file input_30.txt (compact mmCIF, C-alpha atoms)
# COMPACT_ATOMS: atom_id res chain seq x y z
CA MET G 1 -12.69 -6.48 3.92
CA ALA G 2 -9.50 -6.99 1.95
CA TYR G 3 -5.94 -5.91 2.73
CA TRP G 4 -3.41 -4.28 0.42
CA LEU G 5 0.04 -2.73 0.34
CA VAL G 6 1.05 0.36 -1.65
CA LYS G 7 4.60 1.56 -2.16
CA SER G 8 5.92 5.08 -2.36
CA GLU G 9 9.43 6.44 -2.45
CA PRO G 10 9.65 8.80 0.55
CA PHE G 11 11.39 11.55 -1.43
CA LYS G 12 8.44 11.56 -3.87
CA TYR G 13 5.55 11.05 -1.42
CA SER G 14 6.24 10.17 2.20
CA TRP G 15 3.97 8.95 4.98
CA ASP G 16 4.38 12.33 6.70
CA LYS G 17 3.25 14.19 3.56
CA PHE G 18 0.31 11.77 3.23
CA VAL G 19 -0.75 12.54 6.83
CA GLU G 20 -0.36 16.26 6.18
CA ASP G 21 -2.54 15.98 3.02
CA LYS G 22 -5.20 13.94 4.91
CA GLN G 23 -6.22 12.19 1.67
CA THR G 24 -4.75 11.59 -1.77
CA PHE G 25 -5.50 9.82 -5.01
CA TRP G 26 -2.97 7.08 -5.71
CA ASP G 27 -1.77 7.88 -9.22
CA GLY G 28 1.08 7.02 -11.54
CA VAL G 29 0.48 3.25 -11.53
CA ARG G 30 1.46 2.00 -14.98
CA ASN G 31 1.60 -1.73 -14.42
CA TYR G 32 -1.43 -3.81 -15.42
CA ALA G 33 -1.24 -6.19 -12.45
CA ALA G 34 -1.02 -3.28 -9.99
CA ARG G 35 -3.85 -1.52 -11.84
CA ASN G 36 -6.03 -4.62 -11.55
CA PHE G 37 -5.40 -4.76 -7.81
CA MET G 38 -6.46 -1.11 -7.55
CA LYS G 39 -9.66 -1.93 -9.45
CA ALA G 40 -10.34 -4.68 -6.87
CA MET G 41 -9.99 -2.33 -3.89
CA LYS G 42 -13.22 -1.56 -2.02
CA LYS G 43 -14.11 1.38 0.19
CA ASN G 44 -12.70 0.95 3.74
CA ASP G 45 -10.24 -1.81 2.75
CA GLN G 46 -7.09 -1.48 4.85
CA VAL G 47 -3.77 -0.64 3.17
CA PHE G 48 -0.20 -0.85 4.40
CA PHE G 49 1.88 2.19 3.35
CA TYR G 50 5.40 1.08 2.41
CA HIS G 51 8.44 3.32 1.91
CA SER G 52 10.43 1.90 -1.00
CA ASN G 53 14.05 2.48 -2.05
CA GLU G 54 14.97 4.37 1.13
CA GLY G 55 13.73 3.17 4.49
CA VAL G 56 12.28 0.05 2.84
CA GLU G 57 9.70 -0.49 5.55
CA ILE G 58 5.98 -0.61 6.20
CA VAL G 59 5.33 2.60 8.13
CA GLY G 60 1.59 3.06 8.39
CA ILE G 61 -1.97 2.02 7.70
CA ALA G 62 -4.30 3.75 5.27
CA LYS G 63 -7.80 2.99 4.11
CA VAL G 64 -9.53 3.17 0.75
CA ALA G 65 -11.73 6.28 0.77
CA LYS G 66 -12.94 6.01 -2.84
CA GLU G 67 -12.88 3.07 -5.22
CA ALA G 68 -11.15 3.06 -8.61
CA TYR G 69 -11.83 5.83 -11.11
CA GLN G 70 -10.07 7.27 -14.16
CA ASP G 71 -6.55 8.56 -13.42
CA PRO G 72 -6.85 12.34 -13.80
CA THR G 73 -3.14 12.65 -14.66
CA THR G 74 -3.54 10.87 -18.03
CA ASP G 75 -5.97 10.68 -20.94
CA GLU G 76 -5.26 6.97 -21.34
CA GLU G 77 -8.40 5.12 -20.25
CA ALA G 78 -6.44 2.07 -19.12
CA TRP G 79 -5.23 3.71 -15.90
CA VAL G 80 -7.10 4.28 -12.65
CA VAL G 81 -6.56 5.75 -9.19
CA VAL G 82 -8.09 5.14 -5.78
CA ASP G 83 -8.42 7.66 -2.98
CA LEU G 84 -6.56 6.77 0.21
CA LYS G 85 -6.74 8.28 3.70
CA PRO G 86 -4.16 7.75 6.45
CA VAL G 87 -5.41 5.83 9.48
CA ARG G 88 -2.34 5.72 11.71
CA LYS G 89 1.40 5.24 11.86
CA LEU G 90 2.54 1.79 13.00
CA LYS G 91 3.99 1.62 16.54
CA ASN G 92 7.15 0.15 15.02
CA PRO G 93 7.90 0.21 11.28
CA VAL G 94 8.34 -3.27 9.78
CA THR G 95 11.39 -3.49 7.55
CA LEU G 96 11.71 -5.54 4.39
CA ALA G 97 14.48 -7.48 6.17
CA GLN G 98 12.03 -8.43 8.97
CA VAL G 99 9.43 -9.52 6.42
CA LYS G 100 11.96 -11.65 4.53
CA ALA G 101 13.27 -13.17 7.78
CA ASP G 102 9.83 -14.31 8.97
CA LYS G 103 9.01 -17.71 7.45
CA ARG G 104 5.28 -17.00 7.85
CA LEU G 105 5.66 -14.25 5.23
CA LYS G 106 7.68 -16.20 2.66
CA ASP G 107 4.78 -16.14 0.17
CA MET G 108 3.90 -12.47 0.70
CA ALA G 109 3.76 -10.46 -2.55
CA LEU G 110 6.27 -8.02 -1.04
CA VAL G 111 8.80 -10.88 -1.07
CA ARG G 112 7.72 -12.63 -4.28
CA LEU G 113 6.75 -9.62 -6.43
CA GLY G 114 9.11 -7.04 -5.06
CA ARG G 115 8.74 -4.52 -7.89
CA LEU G 116 4.93 -4.40 -7.85
CA SER G 117 3.76 -1.05 -6.42
CA VAL G 118 0.25 -2.16 -5.42
CA GLN G 119 -0.26 -5.66 -4.07
CA PRO G 120 -2.65 -7.81 -2.08
CA VAL G 121 -1.98 -8.86 1.51
CA THR G 122 -3.69 -11.94 2.97
CA ASP G 123 -5.47 -11.85 6.34
CA GLU G 124 -2.70 -14.01 7.82
CA GLU G 125 0.06 -11.78 6.41
CA TRP G 126 -1.69 -8.69 7.77
CA ASP G 127 -1.84 -10.26 11.24
CA VAL G 128 1.86 -11.22 11.17
CA VAL G 129 2.96 -7.75 10.05
CA MET G 130 0.79 -6.19 12.76
CA GLU G 131 2.42 -8.51 15.30
CA LEU G 132 5.90 -7.50 14.07
CA ALA G 133 4.87 -3.85 14.37
CA GLY G 134 3.93 -4.36 18.04
CA GLU G 135 0.25 -3.83 17.26
CA LYS G 136 -1.01 -7.21 18.56
call {"tool": "encode", "arguments": {"input": "input_30.txt", "output": "structure tokens"}}
result
Amino acid sequence: MAYWLVKSEPFKYSWDKFVEDKQTFWDGVRNYAARNFMKAMKKNDQVFFYHSNEGVEIVGIAKVAKEAYQDPTTDEEAWVVVDLKPVRKLKNPVTLAQVKADKRLKDMALVRLGRLSVQPVTDEEWDVVMELAGEK
């Protein structure tokens, strides 16, 4: 199993709305690196849900419910979506400031590639974030 992080601005699509919807396709990704990460996602991979711009924190865990397929919001064949389902809210959200302050996360894509909306998370990074969230 692999780990990932997806970003959403809460005013556009919040964790609470995601939970209410029970499942969604992750659309609107128009960056080739992010798209390639979505193509690499496998069913049941775990995904951190990150609120960007306001809140700037990891708030929950989702899972990949369906692997990459054509983005239904565009006719351009280059773009894909994956289906995500919420798993649970984190006990304690993990802020970007906490991530940046923890030396064990200095190489995390969230720190290095801050603008990327879909990014990989290593096993070690996942464990550290879960520890910071009070989940371990």
call {"tool": "closest_residue", "arguments": {"input": "input_30.txt", "among": "G:Ala2, G:Ala40, G:Val64, G:Ala34", "to": "Gly114 in chain G", "atoms": "all atoms listed in the file"}}
result
G:Ala34
call {"tool": "closest_residue", "arguments": {"input": "input_30.txt", "among": "G:Arg112, G:Val118, G:Asn31, G:Ala62", "to": "Lys7 in chain G", "atoms": "all atoms listed in the file"}}
result
G:Val118
call {"tool": "closest_residue", "arguments": {"input": "input_30.txt", "among": "G:Glu135, G:Lys63, G:Val80, G:Met108", "to": "Phe48 in chain G", "atoms": "only C-alpha atoms"}}
result
G:Lys63
call {"tool": "residues_near_point", "arguments": {"input": "input_30.txt", "point": "(15.4, 1.8, 3.2)", "cutoff": "12 Å", "atoms": "all atoms listed in the file", "output": "mmCIF file with C-alpha atoms, in the frame of the given file"}}
result
data_model
loop_
_atom_site.group_PDB
_atom_site.id
_atom_site.type_symbol
_atom_site.label_atom_id
_atom_site.label_comp_id
_atom_site.auth_asym_id
_atom_site.auth_seq_id
_atom_site.Cartn_x
_atom_site.Cartn_y
_atom_site.Cartn_z
ATOM 1 C CA SER G 8 5.920 5.080 -2.360
ATOM 2 C CA GLU G 9 9.430 6.440 -2.450
ATOM 3 C CA PRO G 10 9.650 8.800 0.550
ATOM 4 C CA PHE G 11 11.390 11.550 -1.430
ATOM 5 C CA TYR G 50 5.400 1.080 2.410
ATOM 6 C CA HIS G 51 8.440 3.320 1.910
ATOM 7 C CA SER G 52 10.430 1.900 -1.000
ATOM 8 C CA ASN G 53 14.050 2.480 -2.050
ATOM 9 C CA GLU G 54 14.970 4.370 1.130
ATOM 10 C CA GLY G 55 13.730 3.170 4.490
ATOM 11 C CA VAL G 56 12.280 0.050 2.840
ATOM 12 C CA GLU G 57 9.700 -0.490 5.550
ATOM 13 C CA ILE G 58 5.980 -0.610 6.200
ATOM 14 C CA VAL G 59 5.330 2.600 8.130
ATOM 15 C CA PRO G 93 7.900 0.210 11.280
ATOM 16 C CA VAL G 94 8.340 -3.270 9.780
ATOM 17 C CA THR G 95 11.390 -3.490 7.550
ATOM 18 C CA LEU G 96 11.710 -5.540 4.390
ATOM 19 C CA ALA G 97 14.480 -7.480 6.170
#
call {"tool": "residues_around", "arguments": {"input": "input_30.txt", "residues": "Trp26 in chain G", "least_positions_apart": "4", "cutoff": "8 Å", "atoms": "all atoms listed in the file", "output": "PyMOL selection string"}}
result
chain G and resi 81-84
call {"tool": "closest_residue", "arguments": {"input": "input_30.txt", "among": "G:Glu131, G:Asp16, G:Asp21, G:Asp27", "to": "Ser117 in chain G", "atoms": "all atoms listed in the file"}}
result
G:Asp27
call {"tool": "residues_around", "arguments": {"input": "input_30.txt", "residues": "Lys22 in chain G", "least_positions_apart": "4", "cutoff": "7 Å", "atoms": "all atoms listed in the file", "output": "ChimeraX atom specification"}}
result
/G:18,85-86
call {"tool": "closest_residue", "arguments": {"input": "input_30.txt", "among": "G:Leu110, G:Leu90, G:Val129, G:Val19", "to": "Val6 in chain G", "atoms": "all atoms listed in the file"}}
result
G:Leu110
call {"tool": "closest_residue", "arguments": {"input": "input_30.txt", "among": "G:Gln98, G:Gln46, G:Asn92, G:Thr73", "to": "Trp126 in chain G", "atoms": "all atoms listed in the file"}}
result
G:Gln46
call {"tool": "axis_aligned_box", "arguments": {"input": "input_30.txt", "around": "range 43-53 of chain G", "padding_each_side": "3 Å", "output": "AutoDock Vina command-line options"}}
result
--center_x 0.0 --center_y 0.8 --center_z 1.4 --size_x 34.2 --size_y 11.1 --size_z 12.9
call {"tool": "decode", "arguments": {"input": "input_30.txt", "residues": "range 73-86 of chain G", "atoms": "all heavy atoms", "output": "PDB file, in the first residue's frame"}}
result
ATOM      1  N   THR G  73     -14.918  16.059 -16.212  1.00  0.00           N
ATOM      2  CA  THR G  73     -15.182  17.497 -16.312  1.00  0.00           C
ATOM      3  C   THR G  73     -14.473  18.137 -17.506  1.00  0.00           C
ATOM      4  O   THR G  73     -14.584  19.345 -17.704  1.00  0.00           O
ATOM      5  CB  THR G  73     -14.760  18.233 -15.023  1.00  0.00           C
ATOM      6  OG1 THR G  73     -13.330  18.166 -14.877  1.00  0.00           O
ATOM      7  CG2 THR G  73     -15.436  17.624 -13.797  1.00  0.00           C
ATOM      8  N   THR G  74     -13.717  17.324 -18.288  1.00  0.00           N
ATOM      9  CA  THR G  74     -13.008  17.873 -19.440  1.00  0.00           C
ATOM     10  C   THR G  74     -12.955  16.847 -20.559  1.00  0.00           C
ATOM     11  O   THR G  74     -12.979  15.639 -20.303  1.00  0.00           O
ATOM     12  CB  THR G  74     -11.572  18.311 -19.065  1.00  0.00           C
ATOM     13  OG1 THR G  74     -10.931  18.862 -20.225  1.00  0.00           O
ATOM     14  CG2 THR G  74     -10.731  17.153 -18.563  1.00  0.00           C
ATOM     15  N   ASP G  75     -12.855  17.334 -21.784  1.00  0.00           N
ATOM     16  CA  ASP G  75     -12.689  16.446 -22.943  1.00  0.00           C
ATOM     17  C   ASP G  75     -11.220  16.156 -23.219  1.00  0.00           C
ATOM     18  O   ASP G  75     -10.896  15.307 -24.048  1.00  0.00           O
ATOM     19  CB  ASP G  75     -13.331  17.074 -24.184  1.00  0.00           C
ATOM     20  CG  ASP G  75     -14.849  17.116 -24.075  1.00  0.00           C
ATOM     21  OD1 ASP G  75     -15.422  16.252 -23.393  1.00  0.00           O
ATOM     22  OD2 ASP G  75     -15.452  18.035 -24.669  1.00  0.00           O
ATOM     23  N   GLU G  76     -10.333  16.880 -22.530  1.00  0.00           N
ATOM     24  CA  GLU G  76      -8.905  16.678 -22.734  1.00  0.00           C
ATOM     25  C   GLU G  76      -8.490  15.331 -22.139  1.00  0.00           C
ATOM     26  O   GLU G  76      -8.674  15.087 -20.952  1.00  0.00           O
ATOM     27  CB  GLU G  76      -8.099  17.792 -22.063  1.00  0.00           C
ATOM     28  CG  GLU G  76      -8.264  19.136 -22.724  1.00  0.00           C
ATOM     29  CD  GLU G  76      -7.395  20.181 -22.031  1.00  0.00           C
ATOM     30  OE1 GLU G  76      -6.174  19.966 -21.922  1.00  0.00           O
ATOM     31  OE2 GLU G  76      -7.959  21.185 -21.580  1.00  0.00           O
ATOM     32  N   GLU G  77      -7.940  14.467 -22.961  1.00  0.00           N
ATOM     33  CA  GLU G  77      -7.591  13.111 -22.535  1.00  0.00           C
ATOM     34  C   GLU G  77      -6.422  13.056 -21.550  1.00  0.00           C
ATOM     35  O   GLU G  77      -6.198  12.032 -20.918  1.00  0.00           O
ATOM     36  CB  GLU G  77      -7.287  12.238 -23.750  1.00  0.00           C
ATOM     37  CG  GLU G  77      -8.518  11.983 -24.604  1.00  0.00           C
ATOM     38  CD  GLU G  77      -8.233  11.102 -25.798  1.00  0.00           C
ATOM     39  OE1 GLU G  77      -7.162  10.463 -25.840  1.00  0.00           O
ATOM     40  OE2 GLU G  77      -9.094  11.051 -26.694  1.00  0.00           O
ATOM     41  N   ALA G  78      -5.708  14.152 -21.419  1.00  0.00           N
ATOM     42  CA  ALA G  78      -4.526  14.156 -20.551  1.00  0.00           C
ATOM     43  C   ALA G  78      -4.873  14.067 -19.070  1.00  0.00           C
ATOM     44  O   ALA G  78      -4.031  13.689 -18.261  1.00  0.00           O
ATOM     45  CB  ALA G  78      -3.705  15.421 -20.794  1.00  0.00           C
ATOM     46  N   TRP G  79      -6.116  14.394 -18.695  1.00  0.00           N
ATOM     47  CA  TRP G  79      -6.443  14.561 -17.281  1.00  0.00           C
ATOM     48  C   TRP G  79      -7.298  13.419 -16.734  1.00  0.00           C
ATOM     49  O   TRP G  79      -8.202  12.924 -17.408  1.00  0.00           O
ATOM     50  CB  TRP G  79      -7.108  15.910 -17.054  1.00  0.00           C
ATOM     51  CG  TRP G  79      -6.253  16.997 -17.617  1.00  0.00           C
ATOM     52  CD1 TRP G  79      -6.546  17.812 -18.668  1.00  0.00           C
ATOM     53  CD2 TRP G  79      -4.934  17.345 -17.203  1.00  0.00           C
ATOM     54  NE1 TRP G  79      -5.496  18.659 -18.923  1.00  0.00           N
ATOM     55  CE2 TRP G  79      -4.482  18.393 -18.039  1.00  0.00           C
ATOM     56  CE3 TRP G  79      -4.075  16.887 -16.215  1.00  0.00           C
ATOM     57  CZ2 TRP G  79      -3.224  18.978 -17.917  1.00  0.00           C
ATOM     58  CZ3 TRP G  79      -2.825  17.465 -16.081  1.00  0.00           C
ATOM     59  CH2 TRP G  79      -2.417  18.499 -16.931  1.00  0.00           C
ATOM     60  N   VAL G  80      -6.983  13.026 -15.507  1.00  0.00           N
ATOM     61  CA  VAL G  80      -7.667  11.903 -14.868  1.00  0.00           C
ATOM     62  C   VAL G  80      -8.211  12.312 -13.496  1.00  0.00           C
ATOM     63  O   VAL G  80      -7.858  13.369 -12.969  1.00  0.00           O
ATOM     64  CB  VAL G  80      -6.714  10.682 -14.690  1.00  0.00           C
ATOM     65  CG1 VAL G  80      -6.207  10.191 -16.038  1.00  0.00           C
ATOM     66  CG2 VAL G  80      -5.557  11.005 -13.751  1.00  0.00           C
ATOM     67  N   VAL G  81      -9.045  11.450 -12.948  1.00  0.00           N
ATOM     68  CA  VAL G  81      -9.531  11.579 -11.582  1.00  0.00           C
ATOM     69  C   VAL G  81      -9.359  10.229 -10.897  1.00  0.00           C
ATOM     70  O   VAL G  81      -9.164   9.212 -11.560  1.00  0.00           O
ATOM     71  CB  VAL G  81     -11.025  11.997 -11.525  1.00  0.00           C
ATOM     72  CG1 VAL G  81     -11.240  13.362 -12.139  1.00  0.00           C
ATOM     73  CG2 VAL G  81     -11.918  10.958 -12.181  1.00  0.00           C
ATOM     74  N   VAL G  82      -9.433  10.233  -9.583  1.00  0.00           N
ATOM     75  CA  VAL G  82      -9.570   9.012  -8.797  1.00  0.00           C
ATOM     76  C   VAL G  82     -10.769   9.230  -7.883  1.00  0.00           C
ATOM     77  O   VAL G  82     -11.121  10.359  -7.575  1.00  0.00           O
ATOM     78  CB  VAL G  82      -8.313   8.684  -7.947  1.00  0.00           C
ATOM     79  CG1 VAL G  82      -7.119   8.354  -8.831  1.00  0.00           C
ATOM     80  CG2 VAL G  82      -7.980   9.807  -6.983  1.00  0.00           C
ATOM     81  N   ASP G  83     -11.398   8.133  -7.471  1.00  0.00           N
ATOM     82  CA  ASP G  83     -12.481   8.233  -6.500  1.00  0.00           C
ATOM     83  C   ASP G  83     -11.898   8.054  -5.107  1.00  0.00           C
ATOM     84  O   ASP G  83     -11.105   7.126  -4.874  1.00  0.00           O
ATOM     85  CB  ASP G  83     -13.543   7.153  -6.735  1.00  0.00           C
ATOM     86  CG  ASP G  83     -14.401   7.422  -7.952  1.00  0.00           C
ATOM     87  OD1 ASP G  83     -14.204   8.463  -8.620  1.00  0.00           O
ATOM     88  OD2 ASP G  83     -15.271   6.581  -8.244  1.00  0.00           O
ATOM     89  N   LEU G  84     -12.284   8.937  -4.200  1.00  0.00           N
ATOM     90  CA  LEU G  84     -11.836   8.880  -2.813  1.00  0.00           C
ATOM     91  C   LEU G  84     -13.031   8.753  -1.883  1.00  0.00           C
ATOM     92  O   LEU G  84     -14.090   9.324  -2.152  1.00  0.00           O
ATOM     93  CB  LEU G  84     -11.053  10.146  -2.448  1.00  0.00           C
ATOM     94  CG  LEU G  84      -9.770  10.425  -3.218  1.00  0.00           C
ATOM     95  CD1 LEU G  84      -9.160  11.750  -2.768  1.00  0.00           C
ATOM     96  CD2 LEU G  84      -8.765   9.297  -3.051  1.00  0.00           C
ATOM     97  N   LYS G  85     -12.822   8.009  -0.790  1.00  0.00           N
ATOM     98  CA  LYS G  85     -13.829   7.880   0.273  1.00  0.00           C
ATOM     99  C   LYS G  85     -13.198   8.317   1.580  1.00  0.00           C
ATOM    100  O   LYS G  85     -12.044   7.969   1.859  1.00  0.00           O
ATOM    101  CB  LYS G  85     -14.251   6.418   0.443  1.00  0.00           C
ATOM    102  CG  LYS G  85     -15.195   5.904  -0.571  1.00  0.00           C
ATOM    103  CD  LYS G  85     -15.627   4.485  -0.191  1.00  0.00           C
ATOM    104  CE  LYS G  85     -16.721   4.011  -1.116  1.00  0.00           C
ATOM    105  NZ  LYS G  85     -17.181   2.661  -0.782  1.00  0.00           N
ATOM    106  N   PRO G  86     -13.936   9.038   2.419  1.00  0.00           N
ATOM    107  CA  PRO G  86     -13.390   9.391   3.736  1.00  0.00           C
ATOM    108  C   PRO G  86     -13.292   8.150   4.620  1.00  0.00           C
ATOM    109  O   PRO G  86     -14.151   7.267   4.559  1.00  0.00           O
ATOM    110  CB  PRO G  86     -14.413  10.382   4.292  1.00  0.00           C
ATOM    111  CG  PRO G  86     -15.670  10.142   3.527  1.00  0.00           C
ATOM    112  CD  PRO G  86     -15.287   9.542   2.211  1.00  0.00           C
TER     113      PRO G  86
END
